Each structure stands twice: as C-alpha cells, then as structure tokens.
$ cat start.cif   # mmCIF, C-alpha atoms
data_my_file
#
loop_
_atom_site.label_atom_id
_atom_site.label_comp_id
_atom_site.auth_asym_id
_atom_site.auth_seq_id
_atom_site.Cartn_x
_atom_site.Cartn_y
_atom_site.Cartn_z
CA MET A 1 121.68 93.37 98.76
CA ARG A 2 117.90 93.40 98.38
CA ARG A 3 117.53 91.13 101.42
CA PHE A 4 119.20 93.72 103.64
CA PHE A 5 117.59 97.02 103.30
CA HIS A 6 114.19 96.70 103.72
CA PHE A 7 100.04 116.36 122.36
CA SER A 8 95.77 121.52 129.95
CA LEU A 9 96.21 117.71 131.35
CA VAL A 10 93.06 116.03 129.99
CA PHE A 11 93.92 117.21 126.52
CA SER A 12 97.41 115.85 126.74
CA LEU A 13 96.22 112.49 128.02
CA LEU A 14 93.57 112.29 125.33
CA LEU A 15 96.08 112.75 122.59
CA SER A 16 98.66 110.48 124.12
CA VAL A 17 96.20 107.60 124.39
CA ALA A 18 94.33 108.15 121.14
CA ALA A 19 97.13 109.25 118.84
CA LEU A 20 97.53 105.87 117.27
CA ALA A 21 94.00 106.18 115.90
CA GLY A 22 95.49 108.77 113.59
CA CYS A 23 94.08 111.75 111.75
CA GLY A 24 93.17 112.17 108.16
CA VAL A 25 92.15 115.04 105.95
CA THR A 26 91.15 112.65 103.24
CA GLY A 27 90.00 109.08 103.16
CA LYS A 28 87.34 107.16 105.03
CA GLY A 29 87.78 108.98 108.36
CA THR A 30 85.60 112.02 109.00
CA VAL A 31 86.89 115.29 110.40
CA LYS A 32 85.15 118.11 112.22
CA THR A 33 85.83 121.67 113.30
CA LEU A 34 87.88 121.93 116.45
CA ASP A 35 85.79 122.14 119.64
CA PRO A 36 86.02 125.78 120.86
CA ALA A 37 86.94 124.45 124.30
CA LEU A 38 90.11 122.98 122.79
CA VAL A 39 91.25 125.94 120.70
CA ALA A 40 93.44 127.47 123.41
CA SER A 41 94.90 124.08 124.34
CA ALA A 42 95.72 123.35 120.72
CA ARG A 43 97.45 126.71 120.37
CA ASP A 44 99.45 126.06 123.54
CA SER A 45 100.41 122.65 122.26
CA TRP A 46 101.70 124.16 119.02
CA ASP A 47 103.70 126.75 120.97
CA ASP A 48 105.21 123.90 123.01
CA PHE A 49 106.07 122.12 119.77
CA LEU A 50 108.01 125.15 118.55
CA LYS A 51 109.72 125.56 121.92
CA VAL A 52 110.91 121.99 122.23
CA SER A 53 112.09 122.01 118.63
CA ARG A 54 114.06 125.21 119.07
CA ASN A 55 115.61 123.97 122.29
CA ALA A 56 116.85 120.98 120.30
CA ASP A 57 118.20 123.32 117.64
CA ALA A 58 120.17 125.21 120.28
CA LEU A 59 121.75 121.92 121.40
CA SER A 60 122.47 120.63 117.95
CA GLY A 61 125.96 119.52 117.16
CA PRO A 62 128.02 116.37 116.65
CA PHE A 63 126.06 113.21 117.42
CA ARG A 64 126.41 109.45 117.28
CA LEU A 65 123.29 107.27 117.33
CA SER A 66 123.17 103.52 117.75
CA ALA A 67 119.89 101.70 117.13
CA ASN A 68 118.20 98.46 116.24
CA LEU A 69 116.40 98.39 112.92
CA HIS A 70 113.64 95.89 112.15
CA TYR A 71 111.93 96.14 108.79
CA ALA A 72 109.61 94.26 106.49
CA GLY A 73 109.78 94.87 102.78
CA ASP A 74 109.42 93.18 99.47
CA GLU A 75 111.80 90.39 100.35
CA GLY A 76 110.92 89.45 103.92
CA THR A 77 111.99 90.82 107.28
CA GLN A 78 115.35 91.78 108.71
CA ARG A 79 116.77 92.72 112.12
CA VAL A 80 120.02 94.66 111.96
CA SER A 81 122.03 97.23 113.88
CA ALA A 82 122.44 100.83 112.73
CA TYR A 83 125.13 103.35 113.57
CA PHE A 84 124.49 106.93 112.41
CA TRP A 85 126.77 109.92 112.94
CA GLY A 86 127.59 113.45 111.81
CA ASN A 87 128.59 116.90 113.01
CA GLY A 88 125.00 118.19 113.10
CA ALA A 89 125.61 121.78 112.02
CA GLN A 90 122.43 123.87 112.05
CA GLU A 91 122.87 125.31 108.59
CA ASN A 92 124.38 122.30 106.86
CA PRO A 93 124.27 118.83 108.44
CA HIS A 94 126.41 117.19 105.78
CA PRO A 95 128.27 115.01 105.46
CA LEU A 96 126.45 112.21 107.28
CA ARG A 97 127.39 108.54 107.68
CA LEU A 98 125.35 105.44 108.37
CA ASP A 99 126.56 101.88 108.83
CA ILE A 100 124.21 98.91 108.87
CA GLN A 101 125.55 95.76 110.47
CA GLY A 102 124.30 92.23 110.61
CA GLY A 103 125.37 89.40 112.86
CA MET A 104 128.88 89.40 114.28
CA GLY A 105 129.29 93.05 113.33
CA THR A 106 129.41 92.36 109.62
CA VAL A 107 128.92 95.54 107.62
CA MET A 108 126.00 94.99 105.28
CA ALA A 109 125.95 98.56 103.98
CA ALA A 110 127.93 101.73 104.52
CA VAL A 111 126.13 104.92 103.49
CA ARG A 112 127.32 108.48 103.06
CA GLU A 113 125.29 111.56 102.15
CA ASP A 114 126.63 115.01 101.40
CA ALA A 115 125.32 118.12 99.66
CA SER A 116 125.88 116.64 96.23
CA SER A 117 125.32 112.90 96.44
CA PHE A 118 124.02 109.83 98.25
CA MET A 119 126.17 106.73 98.06
CA ALA A 120 125.92 103.28 99.55
CA TYR A 121 128.67 100.67 99.55
CA ILE A 122 127.33 97.12 99.65
CA PRO A 123 130.24 94.73 100.28
CA SER A 124 128.30 91.65 99.20
CA ASP A 125 127.76 93.25 95.80
CA ASN A 126 131.25 94.63 95.59
CA ALA A 127 129.49 97.81 94.44
CA VAL A 128 128.88 101.40 95.39
CA TYR A 129 125.43 102.73 94.49
CA LEU A 130 125.39 106.43 93.70
CA SER A 131 122.62 109.00 93.20
CA PRO A 132 122.48 112.81 93.19
CA SER A 133 121.64 114.54 96.47
CA GLY A 134 117.92 114.68 97.16
CA THR A 135 117.10 111.55 95.21
CA GLY A 136 118.67 108.81 97.34
CA SER A 137 117.29 107.10 100.41
CA LEU A 138 117.25 103.72 102.08
CA GLU A 139 113.94 103.02 100.37
CA ALA A 140 115.80 102.44 97.13
CA PHE A 141 117.33 99.36 98.78
CA GLY A 142 114.02 97.93 99.97
CA VAL A 143 114.26 99.46 103.47
CA PRO A 144 110.92 101.25 104.00
CA VAL A 145 112.36 104.53 105.31
CA PRO A 146 111.52 107.19 102.70
CA PHE A 147 113.70 110.03 104.01
CA SER A 148 117.19 111.31 103.37
CA LEU A 149 119.91 110.98 105.98
CA ALA A 150 119.64 114.75 106.57
CA ASP A 151 115.92 114.29 107.34
CA LEU A 152 116.67 111.44 109.73
CA ALA A 153 119.32 113.51 111.50
CA LEU A 154 116.68 116.21 112.18
CA LEU A 155 114.11 113.67 113.36
CA PHE A 156 116.30 111.66 115.70
CA ASN A 157 117.90 114.79 117.17
CA GLY A 158 114.48 116.23 118.06
CA ARG A 159 114.64 119.10 115.59
CA TYR A 160 110.98 118.62 114.67
CA GLU A 161 110.19 122.12 113.39
CA HIS A 162 112.92 121.81 110.81
CA PHE A 163 111.91 118.26 109.96
CA PHE A 164 108.21 119.00 109.38
CA LEU A 165 108.28 122.68 108.40
CA GLY A 166 111.72 123.41 107.06
CA ALA A 167 114.49 125.80 107.94
CA GLU A 168 112.58 128.87 106.76
CA SER A 169 109.64 128.32 109.12
CA GLY A 170 109.10 130.44 112.20
CA THR A 171 110.82 133.56 113.46
CA GLU A 172 113.24 134.38 116.23
CA SER A 173 110.32 135.83 118.22
CA GLY A 174 108.49 132.53 118.00
CA GLU A 175 105.50 134.05 116.18
CA HIS A 176 105.06 131.27 113.66
CA SER A 177 101.30 130.76 113.54
CA ALA A 178 99.80 127.36 114.18
CA PRO A 179 98.37 125.50 111.19
CA ALA A 180 94.68 124.67 111.00
CA ALA A 181 93.58 122.28 113.74
CA PHE A 182 90.65 119.88 113.59
CA GLN A 183 89.37 116.70 115.21
CA ASN A 184 88.96 113.32 113.66
CA GLU A 185 86.05 110.98 114.27
CA ASP A 186 87.63 109.82 117.52
CA GLY A 187 88.07 113.38 118.83
CA VAL A 188 91.83 113.42 118.39
CA VAL A 189 93.15 116.90 117.64
CA CYS A 190 95.24 117.08 114.49
CA PHE A 191 97.21 119.83 112.81
CA ALA A 192 97.03 120.09 109.03
CA LEU A 193 100.44 120.58 107.49
CA ALA A 194 100.21 121.94 103.96
CA GLU A 195 102.96 122.54 101.45
CA GLU A 196 101.41 125.86 100.45
CA ASN A 197 101.93 126.99 104.06
CA GLY A 198 105.56 125.96 104.06
CA ALA A 199 105.37 122.37 105.30
CA ARG A 200 108.03 120.03 103.97
CA PHE A 201 105.77 117.00 104.24
CA ALA A 202 102.05 117.54 103.67
CA GLY A 203 99.86 115.60 106.09
CA THR A 204 98.38 115.57 109.57
CA LEU A 205 100.35 115.87 112.79
CA VAL A 206 99.35 114.82 116.31
CA LEU A 207 101.19 116.36 119.27
CA GLY A 208 101.51 114.93 122.75
CA ALA A 209 102.43 116.29 126.16
CA GLY A 210 104.95 119.10 125.94
CA GLY A 211 104.35 119.52 122.23
CA LEU A 212 106.21 116.37 121.24
CA PRO A 213 105.09 114.83 117.94
CA LEU A 214 103.33 111.51 118.36
CA SER A 215 102.30 110.77 114.81
CA TRP A 216 102.28 112.13 111.30
CA THR A 217 100.22 110.77 108.42
CA GLU A 218 101.02 111.69 104.87
CA GLN A 219 98.32 113.42 102.84
CA GLY A 220 96.51 111.13 100.43
CA GLU A 221 95.22 107.60 100.32
CA ASN A 222 98.43 105.72 99.77
CA GLY A 223 101.09 107.34 101.92
CA TRP A 224 103.33 106.99 104.93
CA THR A 225 102.70 107.22 108.67
CA LEU A 226 105.25 107.96 111.40
CA LEU A 227 104.61 106.87 114.98
CA ILE A 228 107.01 108.27 117.58
CA ASP A 229 107.55 107.06 121.15
CA TYR A 230 109.67 108.69 123.87
CA PRO A 231 111.47 107.37 126.96
CA ALA A 232 109.01 107.10 129.84
CA ASP A 233 111.61 107.66 132.53
CA SER A 234 113.60 110.45 130.91
CA THR A 235 113.34 114.16 130.20
CA ARG A 236 114.92 113.66 126.80
CA THR A 237 112.75 114.92 123.95
CA THR A 238 114.39 112.82 121.27
CA PRO A 239 112.66 109.65 120.07
CA ARG A 240 113.08 106.28 121.72
CA ARG A 241 111.34 104.50 118.88
CA VAL A 242 110.13 105.56 115.45
CA ARG A 243 107.89 103.39 113.30
CA PHE A 244 107.62 104.00 109.57
CA LYS A 245 104.48 102.45 108.05
CA HIS A 246 103.21 102.55 104.50
CA ALA A 247 99.60 102.00 103.44
CA GLY A 248 100.82 99.24 101.17
CA GLY A 249 102.09 97.20 104.11
CA LYS A 250 105.78 98.00 104.22
CA GLN A 251 107.10 99.04 107.63
CA ALA A 252 110.25 99.64 109.60
CA THR A 253 110.94 100.24 113.29
CA VAL A 254 114.00 102.02 114.65
CA VAL A 255 114.65 101.55 118.38
CA VAL A 256 117.30 103.93 119.69
CA ARG A 257 119.81 102.33 122.01
CA ASP A 258 121.89 105.45 122.56
CA LEU A 259 122.16 109.03 121.29
CA ALA A 260 125.47 110.54 122.31
CA ARG A 261 126.80 114.07 121.95
CA THR A 262 130.37 113.84 120.84
CA GLU A 263 133.41 115.80 119.91
CA PRO A 264 133.38 116.93 116.28
CA PHE A 265 134.18 114.20 113.82
CA ARG A 266 137.23 114.61 111.65
CA GLY A 267 136.85 114.61 107.91
CA GLN A 268 138.23 111.10 107.58
CA GLN A 269 135.63 109.75 110.02
CA LEU A 270 132.89 110.99 107.71
CA GLU A 271 134.31 109.54 104.53
CA LEU A 272 133.16 106.37 102.84
CA THR A 273 135.98 104.04 101.87
CA PHE A 274 135.81 100.95 99.72
CA PRO A 275 138.31 98.69 97.99
CA GLN A 276 139.92 99.57 94.74
CA GLY A 277 138.09 97.95 91.87
CA THR A 278 134.65 98.31 93.48
CA GLU A 279 132.03 98.80 90.80
CA ILE A 280 130.18 102.13 90.71
CA ARG A 281 126.50 101.79 89.85
CA ILE A 282 123.88 104.50 89.41
CA LEU A 283 121.12 104.08 91.98
CA GLN A 284 117.68 103.85 90.46
CA PRO A 285 114.97 105.33 92.77
CA ARG A 286 112.01 103.08 93.42
#
$ encode --input "start.cif" --output "structure tokens"
Amino acid sequence: MRRFFHFSLVFSLLLSVAALAGCGVTGKGTVKTLDPALVASARDSWDDFLKVSRNADALSGPFRLSANLHYAGDEGTQRVSAYFWGNGAQENPHPLRLDIQGGMGTVMAAVREDASSFMAYIPSDNAVYLSPSGTGSLEAFGVPVPFSLADLALLFNGRYEHFFLGAESGTESGEHSAPAAFQNEDGVVCFALAEENGARFAGTLVLGAGGLPLSWTEQGENGWTLLIDYPADSTRTTPRRVRFKHAGGKQATVVVRDLARTEPFRGQQLELTFPQGTEIRILQPR
C-alpha cells in the first residue's frame, strides 16, 4: 500500500511569467509595500478572482474528472490514473469518490469521503482504512496531497474562493474586500491570506490573467506550495495541471485529462464496496 499513494496587460504578463518565483511573508525572501501604480491593478485582479470563482459556483454540479497522477514520496515515485466524481452540490459536496488505478486498470485504492468519515479500500492489503471526517487525506498513504476530497473537488472545479477563503467569504454584492497585497523581491504581486481574515489556508496567493490563481505558498518555513496551470487554447477556468510541492521535497502532479459535467450520480455509484471479510483498520494521520 505504501508504494502506491505517494494574475492592465503588463501586470498580467508580469505575474504569469514570474509567478513561479513565488511570494513569501516569512523566510529568506524580502517583501515590500505594493507600488502605488499597481494598487488599482491588484484590486481589479482580486475582483476578477471573485468573479471567476462565483461563475464556477453557479455552474457547479455533478462532475467526473479523469487525470494522471505522478508523485514522489517516502517510498519512491509512482505514475497512476485517477478517477474522481461526485454530485458537486454547493452546500454539501459529499459524498465523493476517488479511484486510483495502476497498469491494466487495476484498482490500487478506492476512496470515499462523506460528512462523517474518510475511508480507503486497498485491495492489496485486503483492508479498509477509516478515519473521521476532516482528518483523512491521501497524505496518510504517502501521496503528497494534503487536502480532503471536498477541498480537491473545489479546486479542480474552479471554485477558488471557496477553496482558499471558505463558504462564508464574500457577499452576494461582491463586496468582499481584497486582502493585503505586497511585492516580493522579484516584484511579483502577492495577496496575503490570513486565517484571522477568514482564509482557510494561510499563505500567499499569486493571481494571473483574469484573476485565475497561479500559485499559493503556505505560511511558514516548512509548508506546501500549489502551482496551477490552465489550458492555453481553452476558455475553461479549471486547472489543466496542479503541482503540490512540500518544502521537505515531497511532490505530486495531477494532469487533468478530462473534466465532464454529468447527470447526477445515483447513491449506489457513490458507495464504496469491498468484499466480505475485509479488515477494517483505523487510519493514523501522518
């Protein structure tokens, strides 16, 4: 089992090219007050971020995502296929299902998350690993993706406001104020997301053209970074590729092959089945 899991035009171009340099509130990088010439552009970029996120919210519903997953963890590297689906309700995304497949379509893990639990069936172990909701993620299996399935459903469906700021952020009138903006030593404009201001994940966020998130770096010296790419020849605002990188060296890349809007899934299609006699084990978070 452990082998398996492991942001006017010049401004937009500047961020798109330099985003990978990252931003940091702490650490070796220096930060400076936002250039007054960029204040209005930063505010517009934040407004675009809210707009694109809320457009995605309006389109939310049943989805089926197929992707390639390549990761490097404690026990080497793996390339597998991932199939992720759910009914995508705005208020409650659960239940959600994820299947990870190896060569020849072999199911290496089948995962289900609902409002009360996270469970993963690993056929090779003849075991189901179970943890209470909010405490389980793929990271517990050595796959360096430190988010719940509900988080991943928001991210890959382009619901970025909810992913970064939470369901209580913003108002119907769109008057949610932009967080503090600053520039790093390379001049890249960053937004400081703080838990005391309602952010779900404290850190620094870089936006690209149209307000699409390009990167997020977790607050602190030893945290996670997300790098998000989008289709170059498409108007879709959902990710084409997401890279999860940890300061300690662990990383995973998800390349989306297809994101389909579907008819609602029936209850049985969202269940997790396993043979009688399968051992139930309590999942220990890493």
$ axis_aligned_box --input "start.cif" --around "segment 252-270 of chain A" --padding-each-side "4 Å" --output "JSON"
{"center_x": 124.2, "center_y": 108.3, "center_z": 115.1, "size_x": 36.0, "size_y": 25.3, "size_z": 23.0}
$ residues_around --input "start.cif" --residues "Ala260 of chain A" --least-positions-apart "2" --cutoff "7 Å" --atoms "all atoms listed in the file" --output "list in words"
Phe63, Arg64, Leu65, Asp258 and Thr262 of chain A
$ resolve_selection --input "start.cif" --expression "the PyMOL selection byres ((chain A and resi 217) around 9)" --output "list in words"
Gly22, Cys23, Gly24, Ala202, Gly203, Thr204, Leu205, Val206, Ser215, Trp216, Glu218, Gln219, Gly220, Gly223, Trp224, Thr225, Leu226 and Leu227 of chain A
$ atom_distance --input "start.cif" --atom1 "atom CA of Val255 of chain A" --atom2 "atom CA of Leu155 of chain A"
13.1 Å
$ closest_atom_pairs --input "start.cif" --of "segment 145-198 of chain A" --to "segment 230-248 of chain A" --cutoff "8 Å" --atoms "only C-alpha atoms" --output "Markdown table"
| residue | atom | partner | partner_atom | distance |
| --- | --- | --- | --- | --- |
| A:Val145 | CA | A:Phe244 | CA | 6.4 |
| A:Leu155 | CA | A:Pro239 | CA | 8.0 |
| A:Phe156 | CA | A:Thr238 | CA | 6.0 |
| A:Asn157 | CA | A:Thr238 | CA | 5.7 |
| A:Gly158 | CA | A:Thr238 | CA | 4.7 |
$ atom_distance --input "start.cif" --atom1 "atom CA of Ser45 of chain A" --atom2 "atom CA of Phe164 of chain A"
15.5 Å
$ resolve_selection --input "start.cif" --expression "the PyMOL selection byres ((chain A and resi 121-136) around 6)" --output "number ranges by chain"
A: 109-110, 116-120, 137, 278-283
$ closest_residue --input "start.cif" --among "A:Leu259, A:Leu212, A:Leu270, A:Ala89" --to "Ser53 of chain A" --atoms "all atoms listed in the file"
A:Leu212
$ closest_residue --input "start.cif" --among "A:Val107, A:Ala153, A:Leu38, A:Ala67" --to "Phe182 of chain A" --atoms "only C-alpha atoms"
A:Leu38
$ resolve_selection --input "start.cif" --expression "the PyMOL selection byres ((chain A and resi 154) around 12)" --output "PyMOL selection string"
chain A and resi 53-54+56-57+59-61+63+85-94+96+147-153+155-167+238-239
$ atom_distance --input "start.cif" --atom1 "atom CA of Glu271 of chain A" --atom2 "atom CA of Pro144 of chain A"
24.8 Å
$ residues_around --input "start.cif" --residues "Leu34 of chain A" --least-positions-apart "6" --cutoff "12 Å" --atoms "all atoms listed in the file" --output "PyMOL selection string"
chain A and resi 40-43+180-185+187-192
$ residues_around --input "start.cif" --residues "Leu214 of chain A" --least-positions-apart "5" --cutoff "7 Å" --atoms "only C-alpha atoms" --output "short mmCIF file (atom, residue, chain, number, x, y, z; two decimals) with C-alpha atoms, keeping the file's coordinate frame"
data_model
loop_
_atom_site.label_atom_id
_atom_site.label_comp_id
_atom_site.auth_asym_id
_atom_site.auth_seq_id
_atom_site.Cartn_x
_atom_site.Cartn_y
_atom_site.Cartn_z
CA ALA A 19 97.13 109.25 118.84
CA VAL A 206 99.35 114.82 116.31
CA LEU A 207 101.19 116.36 119.27
CA GLY A 208 101.51 114.93 122.75
CA LEU A 227 104.61 106.87 114.98
CA ILE A 228 107.01 108.27 117.58
CA ASP A 229 107.55 107.06 121.15
#
$ closest_residue --input "start.cif" --among "A:Ala194, A:Pro213, A:Glu221, A:Arg112" --to "Leu138 of chain A" --atoms "all atoms listed in the file"
A:Arg112
